[in-house]
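Colleague: Sharing input_19.tsv below, TSV, C-alpha atoms and all ligand atoms:
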chain	number	residue	atom	x	y	z
A	222	MET	CA	-16.60	197.11	0.98
A	223	GLY	CA	-19.95	198.71	1.85
A	224	PRO	CA	-22.76	199.85	-0.42
A	225	ARG	CA	-21.81	202.48	-2.99
A	226	SER	CA	-23.93	205.18	-4.54
A	227	ASP	CA	-23.52	203.82	-8.06
A	228	ALA	CA	-23.99	200.17	-7.02
A	229	GLN	CA	-25.76	198.04	-9.58
A	230	ARG	CA	-28.01	195.03	-9.13
A	231	VAL	CA	-26.16	192.37	-11.10
A	232	THR	CA	-27.45	188.89	-11.87
A	233	VAL	CA	-24.70	186.41	-12.74
A	234	ILE	CA	-25.97	183.37	-14.62
A	235	GLY	CA	-23.73	180.44	-13.72
A	236	ALA	CA	-22.19	179.03	-10.54
A	237	GLY	CA	-19.08	177.46	-12.08
A	238	VAL	CA	-15.64	178.95	-11.51
A	239	ILE	CA	-16.32	181.90	-13.85
A	240	GLY	CA	-19.66	182.83	-12.30
A	241	LEU	CA	-18.42	182.50	-8.72
A	242	SER	CA	-15.18	184.45	-9.28
A	243	THR	CA	-17.12	187.18	-11.04
A	244	ALA	CA	-19.71	187.32	-8.26
A	245	VAL	CA	-16.96	187.73	-5.65
A	246	GLU	CA	-15.21	190.43	-7.67
A	247	LEU	CA	-18.39	192.47	-8.24
A	248	ALA	CA	-19.59	192.08	-4.64
A	249	ARG	CA	-16.16	193.20	-3.36
A	250	ASP	CA	-16.66	196.34	-5.43
A	251	GLY	CA	-19.95	197.02	-3.65
A	252	HIS	CA	-22.47	195.71	-6.18
A	253	GLU	CA	-25.59	193.79	-5.22
A	254	VAL	CA	-25.04	190.38	-6.78
A	255	THR	CA	-27.36	187.42	-7.32
A	256	VAL	CA	-26.04	184.18	-8.81
A	257	VAL	CA	-28.65	182.13	-10.68
A	258	ALA	CA	-27.68	178.61	-11.70
A	259	ASP	CA	-29.56	175.43	-12.55
A	260	VAL	CA	-26.56	173.14	-11.88
A	261	ASP	CA	-24.99	173.09	-8.44
A	262	THR	CA	-21.35	174.23	-8.31
A	263	MET	CA	-20.04	170.75	-7.48
A	264	ASP	CA	-21.85	169.27	-10.51
A	265	THR	CA	-20.49	171.77	-13.06
A	266	VAL	CA	-17.64	171.30	-15.54
A	267	SER	CA	-15.60	173.42	-13.14
A	268	ALA	CA	-15.87	170.69	-10.52
A	269	VAL	CA	-14.34	168.17	-12.98
A	270	SER	CA	-11.37	170.44	-13.61
A	271	ALA	CA	-7.99	169.07	-12.54
A	272	ALA	CA	-6.97	172.11	-11.88
A	273	LEU	CA	-3.61	173.60	-12.70
A	274	TRP	CA	-2.96	177.21	-13.71
A	275	PHE	CA	-1.85	176.48	-17.27
A	276	PRO	CA	-3.11	177.86	-20.61
A	277	TYR	CA	-4.26	174.51	-22.01
A	278	ARG	CA	-6.27	175.14	-25.19
A	279	ALA	CA	-6.48	178.82	-24.35
A	280	GLU	CA	-6.58	181.27	-27.21
A	281	ARG	CA	-3.25	183.02	-27.92
A	282	SER	CA	-3.93	186.74	-27.82
A	283	PRO	CA	-2.73	189.78	-25.87
A	284	ALA	CA	-6.08	189.88	-24.06
A	285	VAL	CA	-5.65	186.31	-22.81
A	286	VAL	CA	-2.05	186.95	-21.81
A	287	GLU	CA	-3.41	189.69	-19.54
A	288	LEU	CA	-6.01	187.31	-18.05
A	289	LEU	CA	-3.26	184.76	-17.41
A	290	ARG	CA	-1.05	187.32	-15.73
A	291	SER	CA	-3.71	188.68	-13.42
A	292	SER	CA	-5.05	185.24	-12.52
A	293	PHE	CA	-1.55	184.01	-11.66
A	294	ALA	CA	-1.11	186.93	-9.25
A	295	ARG	CA	-4.52	186.37	-7.64
A	296	PHE	CA	-3.96	182.63	-7.19
A	297	ALA	CA	-0.46	183.22	-5.81
A	298	ALA	CA	-2.01	185.53	-3.21
A	299	LEU	CA	-4.75	182.99	-2.42
A	300	SER	CA	-2.11	180.31	-1.79
A	301	GLU	CA	-1.34	182.31	1.38
A	302	VAL	CA	-4.95	181.90	2.57
A	303	SER	CA	-4.90	178.66	4.54
A	304	ASP	CA	-8.34	177.23	3.73
A	305	SER	CA	-8.67	178.42	0.10
A	306	GLY	CA	-7.55	175.16	-1.50
A	307	VAL	CA	-4.95	177.01	-3.58
A	308	GLU	CA	-1.33	175.91	-3.37
A	309	MET	CA	1.87	176.75	-5.23
A	310	ARG	CA	3.19	173.39	-6.44
A	311	ALA	CA	6.21	172.29	-8.43
A	312	GLY	CA	5.85	170.08	-11.46
A	313	THR	CA	6.87	169.39	-15.04
A	314	VAL	CA	5.39	170.47	-18.36
A	315	VAL	CA	6.46	167.87	-20.94
A	316	GLU	CA	6.84	169.23	-24.48
A	317	ARG	CA	6.59	167.25	-27.69
A	318	SER	CA	6.68	170.07	-30.21
A	319	ALA	CA	9.81	171.50	-31.83
A	320	THR	CA	8.43	174.99	-31.16
A	321	PRO	CA	6.62	174.81	-27.81
A	322	ASP	CA	4.63	177.83	-26.65
A	323	ARG	CA	6.39	179.06	-23.53
A	324	SER	CA	4.75	182.47	-23.36
A	325	TRP	CA	3.18	181.46	-20.02
A	326	THR	CA	6.62	181.24	-18.38
A	327	ALA	CA	6.81	185.06	-18.46
A	328	PHE	CA	4.73	185.13	-15.24
A	329	VAL	CA	6.46	182.23	-13.53
A	330	PRO	CA	9.54	183.29	-11.59
A	331	ASP	CA	11.15	179.86	-11.18
A	332	ALA	CA	10.44	178.30	-14.62
A	333	VAL	CA	13.58	176.47	-15.85
A	334	GLU	CA	14.50	173.96	-18.54
A	335	ALA	CA	13.68	170.44	-17.29
A	336	ASP	CA	16.47	167.90	-16.99
A	337	PRO	CA	16.11	165.82	-20.21
A	338	ARG	CA	16.97	162.64	-18.25
A	339	LEU	CA	13.74	163.07	-16.27
A	340	LEU	CA	11.50	163.40	-19.36
A	341	PRO	CA	9.53	160.51	-20.89
A	342	PRO	CA	10.53	158.88	-24.21
A	343	GLY	CA	9.54	161.00	-27.22
A	344	ALA	CA	9.58	164.29	-25.33
A	345	SER	CA	11.47	167.05	-27.12
A	346	SER	CA	11.95	169.21	-24.01
A	347	GLY	CA	10.21	170.30	-20.84
A	348	VAL	CA	9.85	173.02	-18.21
A	349	ARG	CA	10.03	172.68	-14.43
A	350	ALA	CA	7.96	175.32	-12.65
A	351	THR	CA	6.00	176.15	-9.53
A	352	LEU	CA	2.45	177.00	-10.56
A	353	PRO	CA	-0.87	177.68	-8.84
A	354	PHE	CA	-2.52	174.34	-8.17
A	355	ILE	CA	-6.18	174.62	-7.29
A	356	VAL	CA	-7.59	171.77	-5.22
A	357	ILE	CA	-11.11	172.00	-6.59
A	358	PRO	CA	-13.05	170.10	-3.85
A	359	ALA	CA	-11.69	172.65	-1.36
A	360	TYR	CA	-11.53	175.72	-3.62
A	361	LEU	CA	-15.04	175.85	-5.10
A	362	PRO	CA	-16.81	175.57	-1.70
A	363	TRP	CA	-14.40	178.19	-0.34
A	364	LEU	CA	-15.17	180.51	-3.27
A	365	ARG	CA	-18.89	180.03	-2.79
A	366	ALA	CA	-18.61	180.73	0.94
A	367	ARG	CA	-16.55	183.83	0.16
A	368	ALA	CA	-19.31	185.03	-2.16
A	369	SER	CA	-21.98	184.42	0.49
A	370	ALA	CA	-19.90	186.27	3.09
A	371	LEU	CA	-19.82	189.25	0.71
A	372	GLY	CA	-23.63	189.22	0.51
A	373	VAL	CA	-24.04	187.36	-2.80
A	374	VAL	CA	-27.45	185.67	-3.00
A	375	PHE	CA	-27.77	182.26	-4.70
A	376	GLU	CA	-30.84	181.05	-6.59
A	377	ARG	CA	-31.13	177.53	-7.98
A	378	ARG	CA	-33.19	177.70	-11.18
A	379	SER	CA	-32.96	177.83	-14.92
A	380	VAL	CA	-33.21	181.09	-16.84
A	381	GLN	CA	-35.09	180.53	-20.11
A	382	HIS	CA	-35.15	184.12	-21.37
A	383	LEU	CA	-33.27	187.26	-20.34
A	384	ALA	CA	-36.61	189.07	-20.17
A	385	GLU	CA	-37.33	187.16	-16.94
A	386	LEU	CA	-34.65	189.30	-15.26
A	387	ALA	CA	-35.96	192.67	-16.44
A	388	GLY	CA	-36.78	194.88	-13.46
A	389	ARG	CA	-34.72	192.68	-11.14
A	390	ALA	CA	-31.24	193.36	-12.50
A	391	ASP	CA	-29.49	196.40	-13.91
A	392	THR	CA	-26.94	194.19	-15.69
A	393	VAL	CA	-26.76	190.46	-16.41
A	394	VAL	CA	-23.45	188.59	-16.62
A	395	ILE	CA	-23.67	185.37	-18.60
A	396	ALA	CA	-21.16	182.86	-17.21
A	397	GLY	CA	-23.02	179.84	-18.54
A	398	GLY	CA	-20.04	177.83	-19.81
A	399	ILE	CA	-20.98	175.63	-22.73
A	400	ARG	CA	-24.55	176.98	-22.64
A	401	GLY	CA	-23.38	180.59	-22.49
A	402	GLY	CA	-24.68	181.48	-25.95
A	403	GLU	CA	-28.17	180.03	-25.53
A	404	LEU	CA	-29.71	183.11	-23.92
A	405	LEU	CA	-28.16	185.31	-26.60
A	406	GLY	CA	-29.87	183.66	-29.54
A	407	GLY	CA	-27.33	180.85	-29.89
A	408	ASP	CA	-23.59	180.80	-30.46
A	409	PRO	CA	-22.42	178.31	-33.09
A	410	ASP	CA	-18.79	179.01	-32.19
A	411	VAL	CA	-19.06	177.15	-28.86
A	412	VAL	CA	-18.08	173.49	-29.06
A	413	PRO	CA	-17.64	170.84	-26.38
A	414	VAL	CA	-14.20	169.32	-25.89
A	415	ARG	CA	-14.75	166.14	-23.95
A	416	GLY	CA	-12.41	165.41	-21.07
A	417	GLN	CA	-12.38	162.16	-19.14
A	418	VAL	CA	-10.51	161.69	-15.85
A	419	VAL	CA	-10.04	159.02	-13.21
A	420	ARG	CA	-9.25	159.65	-9.55
A	421	LEU	CA	-6.75	157.37	-7.82
A	422	ALA	CA	-5.60	157.08	-4.21
A	423	ASN	CA	-2.48	159.17	-3.63
A	424	PRO	CA	0.54	157.14	-2.46
A	425	GLY	CA	2.20	160.39	-1.29
A	426	LEU	CA	3.01	162.23	-4.51
A	427	THR	CA	3.09	166.02	-4.63
A	428	ASP	CA	4.62	167.01	-8.00
A	429	TRP	CA	2.31	167.32	-11.01
A	430	VAL	CA	3.18	166.30	-14.59
A	431	THR	CA	1.37	167.43	-17.73
A	432	ASP	CA	2.03	166.08	-21.23
A	433	THR	CA	-0.57	167.68	-23.49
A	434	ASP	CA	1.07	168.60	-26.79
A	435	GLU	CA	-0.52	165.64	-28.63
A	436	PRO	CA	-4.34	165.70	-28.18
A	437	ASP	CA	-4.82	162.00	-28.92
A	438	ARG	CA	-2.41	160.97	-26.15
A	439	LEU	CA	-3.03	163.77	-23.68
A	440	THR	CA	-1.76	162.70	-20.26
A	441	TYR	CA	-1.54	164.38	-16.90
A	442	VAL	CA	-1.06	163.32	-13.30
A	443	PHE	CA	-2.16	165.88	-10.71
A	444	PRO	CA	-1.74	164.73	-7.09
A	445	ARG	CA	-4.13	166.72	-4.90
A	446	ARG	CA	-4.17	165.81	-1.20
A	447	ASP	CA	-5.81	162.42	-0.65
A	448	ASP	CA	-6.30	161.66	-4.34
A	449	ILE	CA	-4.69	162.10	-7.76
A	450	VAL	CA	-6.55	163.33	-10.83
A	451	VAL	CA	-5.31	161.37	-13.83
A	452	GLY	CA	-6.28	162.33	-17.36
A	453	GLY	CA	-7.22	162.65	-19.97
A	454	THR	CA	-8.90	163.15	-23.28
A	455	SER	CA	-9.54	166.10	-25.55
A	456	ILE	CA	-12.24	165.16	-28.04
A	457	ASP	CA	-13.61	168.07	-30.04
A	458	GLY	CA	-17.34	168.11	-30.72
A	459	SER	CA	-18.24	165.17	-28.44
A	460	TRP	CA	-21.28	165.65	-26.19
A	461	ASP	CA	-20.86	162.18	-24.65
A	462	ARG	CA	-20.88	162.45	-20.85
A	463	ALA	CA	-20.66	158.70	-20.21
A	464	ILE	CA	-17.48	157.16	-18.75
A	465	ASP	CA	-15.75	155.05	-21.40
A	466	VAL	CA	-14.00	152.01	-19.89
A	467	ASP	CA	-11.50	151.54	-22.74
A	468	THR	CA	-10.60	155.21	-22.63
A	469	GLU	CA	-9.96	154.92	-18.89
A	470	ARG	CA	-7.70	151.90	-19.38
A	471	ALA	CA	-5.67	153.79	-22.00
A	472	ILE	CA	-5.41	156.87	-19.75
A	473	LEU	CA	-4.13	154.76	-16.85
A	474	GLU	CA	-1.56	153.02	-19.07
A	475	ARG	CA	-0.19	156.29	-20.42
A	476	ALA	CA	-0.17	157.88	-16.97
A	477	ALA	CA	1.65	154.94	-15.35
A	478	ALA	CA	4.30	155.18	-18.08
A	479	LEU	CA	4.72	158.85	-17.17
A	480	VAL	CA	4.59	158.37	-13.35
A	481	PRO	CA	5.23	154.69	-12.46
A	482	ALA	CA	4.31	155.23	-8.77
A	483	ILE	CA	0.61	155.47	-9.64
A	484	ALA	CA	0.40	151.96	-11.12
A	485	GLY	CA	-2.09	149.80	-9.25
A	486	GLN	CA	-3.43	152.57	-7.00
A	487	PRO	CA	-7.13	152.06	-6.13
A	488	VAL	CA	-9.66	153.97	-8.26
A	489	LEU	CA	-11.62	156.43	-6.11
A	490	GLY	CA	-13.81	158.01	-8.78
A	491	ARG	CA	-14.31	158.92	-12.41
A	492	ALA	CA	-15.68	161.92	-14.28
A	493	VAL	CA	-16.32	163.40	-17.70
A	494	GLY	CA	-16.56	167.12	-18.39
A	495	LEU	CA	-17.30	169.04	-21.57
A	496	ARG	CA	-14.89	171.96	-21.84
A	497	PRO	CA	-16.66	175.07	-23.21
A	498	ALA	CA	-14.35	175.75	-26.16
A	499	ARG	CA	-14.61	178.74	-28.47
A	500	PRO	CA	-12.05	180.15	-30.93
A	501	THR	CA	-11.96	183.26	-28.72
A	502	ILE	CA	-13.33	183.66	-25.22
A	503	ARG	CA	-16.46	185.79	-25.32
A	504	LEU	CA	-15.76	188.55	-22.81
A	505	GLU	CA	-17.61	191.66	-23.89
A	506	ARG	CA	-20.73	193.75	-23.61
A	507	VAL	CA	-23.57	192.43	-25.75
A	508	THR	CA	-26.19	194.90	-26.95
A	509	GLY	CA	-29.67	194.41	-28.37
A	510	HIS	CA	-31.21	192.53	-25.44
A	511	GLU	CA	-33.91	193.39	-22.88
A	512	LEU	CA	-31.27	194.60	-20.43
A	513	PRO	CA	-27.51	195.27	-20.40
A	514	VAL	CA	-25.53	192.07	-20.81
A	515	ILE	CA	-21.87	191.14	-20.29
A	516	ALA	CA	-20.85	187.78	-21.79
A	517	ALA	CA	-18.12	185.77	-20.00
A	518	TYR	CA	-17.96	182.28	-21.46
A	519	GLY	CA	-16.02	180.00	-23.79
A	520	HIS	CA	-12.91	179.38	-21.66
A	521	GLY	CA	-12.18	175.92	-23.09
A	522	GLY	CA	-9.52	174.01	-21.15
A	523	ALA	CA	-8.38	176.98	-19.08
A	524	GLY	CA	-11.42	178.34	-17.24
A	525	VAL	CA	-9.87	178.04	-13.79
A	526	THR	CA	-6.57	179.41	-15.09
A	527	LEU	CA	-8.26	182.52	-16.52
A	528	SER	CA	-10.99	182.92	-13.89
A	529	TRP	CA	-9.71	185.88	-11.85
A	530	GLY	CA	-8.56	187.80	-14.91
A	531	THR	CA	-12.03	187.25	-16.37
A	532	ALA	CA	-13.70	188.47	-13.18
A	533	GLU	CA	-11.55	191.61	-13.19
A	534	ARG	CA	-12.41	192.26	-16.85
A	535	VAL	CA	-16.14	191.89	-16.16
A	536	LEU	CA	-15.83	194.47	-13.39
A	537	ALA	CA	-13.99	196.83	-15.77
A	538	LEU	CA	-16.75	196.38	-18.37
A	539	LEU	CA	-19.39	197.11	-15.72
A	540	ARG	CA	-17.56	200.26	-14.61
A	541	ASP	CA	-17.26	201.51	-18.20
A	542	ASP	CA	-21.02	201.45	-18.34
A	543	ALA	CA	-21.37	203.29	-15.07
A	544	THR	CA	-19.26	206.25	-16.18
A	601	LIG	C1	-11.27	166.96	-17.53
A	601	LIG	C2	-11.10	168.45	-17.44
A	601	LIG	C3	-9.94	168.96	-16.87
A	601	LIG	C4	-9.75	170.34	-16.81
A	601	LIG	N1	-8.61	170.81	-16.23
A	601	LIG	C5	-8.42	172.17	-16.14
A	601	LIG	C6	-7.25	172.69	-15.53
A	601	LIG	O1	-6.38	171.94	-15.05
A	601	LIG	N2	-7.12	174.05	-15.46
A	601	LIG	C7	-8.06	174.90	-15.98
A	601	LIG	O2	-7.88	176.11	-15.92
A	601	LIG	N3	-9.19	174.42	-16.56
A	601	LIG	C8	-9.38	173.09	-16.67
A	601	LIG	N4	-10.51	172.60	-17.28
A	601	LIG	C9	-11.45	173.55	-17.92
A	601	LIG	C10	-12.42	174.17	-16.92
A	601	LIG	O3	-13.02	173.15	-16.17
A	601	LIG	C11	-13.48	175.00	-17.66
A	601	LIG	O4	-12.88	175.93	-18.55
A	601	LIG	C12	-14.32	175.77	-16.64
A	601	LIG	O5	-14.83	174.92	-15.66
A	601	LIG	C13	-15.48	176.55	-17.28
A	601	LIG	O6	-16.17	177.17	-16.23
A	601	LIG	P1	-17.54	177.95	-16.42
A	601	LIG	O7	-17.84	178.60	-15.12
A	601	LIG	O8	-17.45	178.79	-17.66
A	601	LIG	O9	-18.63	176.82	-16.78
A	601	LIG	P2	-19.33	175.68	-15.92
A	601	LIG	O10	-18.43	175.18	-14.83
A	601	LIG	O11	-19.83	174.68	-16.89
A	601	LIG	O12	-20.57	176.40	-15.22
A	601	LIG	C14	-21.67	176.82	-15.97
A	601	LIG	C15	-22.77	177.29	-15.04
A	601	LIG	O13	-23.77	177.97	-15.84
A	601	LIG	C16	-25.06	177.59	-15.40
A	601	LIG	N5	-26.02	177.85	-16.49
A	601	LIG	C17	-25.81	177.83	-17.83
A	601	LIG	N6	-26.92	178.21	-18.50
A	601	LIG	C18	-27.85	178.49	-17.54
A	601	LIG	C19	-29.21	178.94	-17.59
A	601	LIG	N7	-29.83	179.19	-18.75
A	601	LIG	N8	-29.88	179.10	-16.43
A	601	LIG	C20	-29.27	178.87	-15.23
A	601	LIG	N9	-27.98	178.45	-15.14
A	601	LIG	C21	-27.30	178.27	-16.27
A	601	LIG	C22	-24.89	176.13	-15.00
A	601	LIG	O14	-25.91	175.75	-14.11
A	601	LIG	C23	-23.51	176.19	-14.29
A	601	LIG	O15	-23.70	176.57	-12.94
A	601	LIG	C24	-10.74	171.22	-17.33
A	601	LIG	C25	-11.92	170.70	-17.88
A	601	LIG	C26	-12.10	169.33	-17.93
A	601	LIG	C27	-13.37	168.79	-18.50
Is it possible to give me this structure as structure tokens?

Modeller:
Amino acid sequence: MGPRSDAQRVTVIGAGVIGLSTAVELARDGHEVTVVADVDTMDTVSAVSAALWFPYRAERSPAVVELLRSSFARFAALSEVSDSGVEMRAGTVVERSATPDRSWTAFVPDAVEADPRLLPPGASSGVRATLPFIVIPAYLPWLRARASALGVVFERRSVQHLAELAGRADTVVIAGGIRGGELLGGDPDVVPVRGQVVRLANPGLTDWVTDTDEPDRLTYVFPRRDDIVVGGTSIDGSWDRAIDVDTERAILERAAALVPAIAGQPVLGRAVGLRPARPTIRLERVTGHELPVIAAYGHGGAGVTLSWGTAERVLALLRDDAT
């Protein structure tokens, strides 16, 4: 889309999945977008993400249901774009609760009850479904290239105060993940939820399995293309970014019990990411600052899952201001 008469100069702070998706969405609508980030995309929490479209640790609210719905549709469309890194993949959600939350299945045409004989010991039930599966090492570079092709400008630096952007931007979008509240005077509601993963060689698996109802024995096996992301942990309030060897051993034991074919596969890499958790995602206009601000942070364990819905909501908030 070309320039528009009411185009705004928008600075997006953050080059993770939320910042990049938002930048693409605003640029597609004809706005002049600059992304400012002090951490390169492939070093963000987003790059650690596994990444399945699934509302893990996402707030349960009508607003989030809408973000889920719209993101599902956008990812399903992107799975038709050959180099996007997005695929529609079948897999199993293992449930260990007597009252599992299946609200997400409303958007998933082929979701069915899993065969109990294929579930691990202790599981109460499960769902088989084909979901968007986002191969992050392909997807994030693709998203960044898409933004550049739409004219988005990238700057690598830290923003210390919003006042620095006065005169350069008409609106600022804060997509700063776990640091999203810092430029707004602090946000005590944001807490890290530490996630540790290990990457194994892929012996040819395609189906994913996720078993996340019990946080202290969270387990998932996500075969990408050449590797498999195996997780995980979910430790509230931990800022520890170091790989813990004992934790990795326990993850691999649990995962091999879930998917025996991964036992003994060579380790290709390891990572820790701090999920930007918040009781509710902050997705709103924020007043009282040097220039108009839209906050878009606090997506916890579902930032990729909710990314396109978030980007669409930011655009709607921007348009409200323009009218
Ligand atoms: C192990 C693990 C597995 C996960 N699996 C999944 C999954 O399967 N599906 C899913 O949907 N989600 C998953 N997640 C969650 C997902 O990764 C996060 O919700 C998401 O990455 C958050 O994205 P973000 O863009 O908000 O933040 P980030 O990716 O952290 O990006 C923040 C950006 O803000 C910039 N920034 C912040 N403050 C400033 C400043 N003052 N100046 C300049 N730049 C600034 C940083 O440089 C960075 O570029 C997982 C997370 C982990 C840790």

Colleague: Please tabulate, as a Markdown table, the residues of chain A that come within 7 Å of ligand LIG 601 (chain A), each with its closest pair of atoms and the distance in Å to one decimal, counting all atoms listed in the file and ordering rows by chain, then residue number upward.

Modeller:
| residue | atom | partner | partner_atom | distance |
| --- | --- | --- | --- | --- |
| A:Ile234 | CA | A:LIG601 | N9 | 5.3 |
| A:Gly235 | CA | A:LIG601 | O13 | 3.3 |
| A:Ala236 | CA | A:LIG601 | O15 | 3.8 |
| A:Gly237 | CA | A:LIG601 | O7 | 3.5 |
| A:Val238 | CA | A:LIG601 | O7 | 4.2 |
| A:Ile239 | CA | A:LIG601 | O7 | 3.8 |
| A:Gly240 | CA | A:LIG601 | O7 | 5.4 |
| A:Val257 | CA | A:LIG601 | C20 | 5.6 |
| A:Ala258 | CA | A:LIG601 | N9 | 3.5 |
| A:Asp259 | CA | A:LIG601 | O14 | 4.0 |
| A:Val260 | CA | A:LIG601 | O14 | 3.5 |
| A:Asp261 | CA | A:LIG601 | O15 | 5.8 |
| A:Thr262 | CA | A:LIG601 | O15 | 5.7 |
| A:Thr265 | CA | A:LIG601 | O10 | 4.4 |
| A:Val266 | CA | A:LIG601 | O10 | 4.0 |
| A:Ser267 | CA | A:LIG601 | O5 | 3.0 |
| A:Ala268 | CA | A:LIG601 | O10 | 6.7 |
| A:Val269 | CA | A:LIG601 | C2 | 5.5 |
| A:Ser270 | CA | A:LIG601 | C4 | 3.6 |
| A:Ala271 | CA | A:LIG601 | N1 | 4.1 |
| A:Ala272 | CA | A:LIG601 | O1 | 3.2 |
| A:Leu273 | CA | A:LIG601 | O1 | 4.0 |
| A:Trp274 | CA | A:LIG601 | O2 | 5.5 |
| A:Phe275 | CA | A:LIG601 | N2 | 6.1 |
| A:Pro276 | CA | A:LIG601 | O2 | 6.9 |
| A:Arg378 | CA | A:LIG601 | C20 | 5.8 |
| A:Ser379 | CA | A:LIG601 | N8 | 3.7 |
| A:Val380 | CA | A:LIG601 | N8 | 3.9 |
| A:Gln381 | CA | A:LIG601 | N7 | 5.6 |
| A:Ala396 | CA | A:LIG601 | O8 | 5.5 |
| A:Gly397 | CA | A:LIG601 | O13 | 3.4 |
| A:Gly398 | CA | A:LIG601 | O9 | 3.5 |
| A:Ile399 | CA | A:LIG601 | O11 | 6.0 |
| A:Arg400 | CA | A:LIG601 | N6 | 4.9 |
| A:Gly401 | CA | A:LIG601 | N6 | 5.8 |
| A:Leu404 | CA | A:LIG601 | N7 | 6.5 |
| A:Arg415 | CA | A:LIG601 | C27 | 6.2 |
| A:Gly416 | CA | A:LIG601 | C1 | 4.0 |
| A:Gln417 | CA | A:LIG601 | C1 | 5.2 |
| A:Val418 | CA | A:LIG601 | C1 | 5.6 |
| A:Gly452 | CA | A:LIG601 | C1 | 6.8 |
| A:Gly453 | CA | A:LIG601 | C1 | 6.4 |
| A:Val493 | CA | A:LIG601 | C1 | 6.2 |
| A:Gly494 | CA | A:LIG601 | C27 | 3.6 |
| A:Leu495 | CA | A:LIG601 | C27 | 5.0 |
| A:Arg496 | CA | A:LIG601 | C27 | 4.8 |
| A:Pro497 | CA | A:LIG601 | O4 | 6.1 |
| A:Tyr518 | CA | A:LIG601 | O8 | 5.2 |
| A:Gly519 | CA | A:LIG601 | O8 | 6.4 |
| A:His520 | CA | A:LIG601 | O4 | 4.6 |
| A:Gly521 | CA | A:LIG601 | O4 | 4.6 |
| A:Gly522 | CA | A:LIG601 | C9 | 3.8 |
| A:Ala523 | CA | A:LIG601 | O2 | 3.3 |
| A:Gly524 | CA | A:LIG601 | O4 | 3.1 |
| A:Val525 | CA | A:LIG601 | O2 | 3.5 |
| A:Thr526 | CA | A:LIG601 | O2 | 3.6 |
| A:Leu527 | CA | A:LIG601 | O2 | 6.4 |

Colleague: Kindly indicate which residue among A:Arg367, A:Arg310, A:His252, A:Arg338 lies nearest to A:Phe443, using all atoms listed in the file for the distances.

Modeller: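 Checking each candidate against A:Phe443, we get A:Arg310 as the closest.
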
Colleague: How many Å separate atom CA of A:Gly490 from atom CA of A:Val419?

Modeller: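 Value for the atom CA of A:Gly490-atom CA of A:Val419 distance: 5.9 Å.
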
Colleague: What does the distance between atom CA of A:Leu504 and atom CA of A:Val314 come to in Å, to one decimal place?

Modeller: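 Separation of atom CA of A:Leu504 and atom CA of A:Val314: 28.2 Å.
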
Colleague: Just to confirm, what's the straight-line distance from atom CA of A:Arg491 to atom CA of A:Asp264 in Å (one decimal)?

Modeller: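 Pair atom CA of A:Arg491 / atom CA of A:Asp264 returns 12.9 Å.
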
Colleague: Any chance you could work out the axis-aligned box around stretch 405-410 of chain A, listed atoms only, 5 Å on each side, giving centre and edge lengths in Å to one decimal, as lines of an AutoDock Vina configuration file?

Modeller:
center_x = -24.3
center_y = 181.8
center_z = -29.8
size_x = 21.1
size_y = 17.0
size_z = 16.5

Colleague: Is there a way to get, as a count of residues only, all residues within 10 Å of the point (-18.4, 199.0, -13.6) in file coordinates, counting all atoms listed in the file?

Modeller: 17
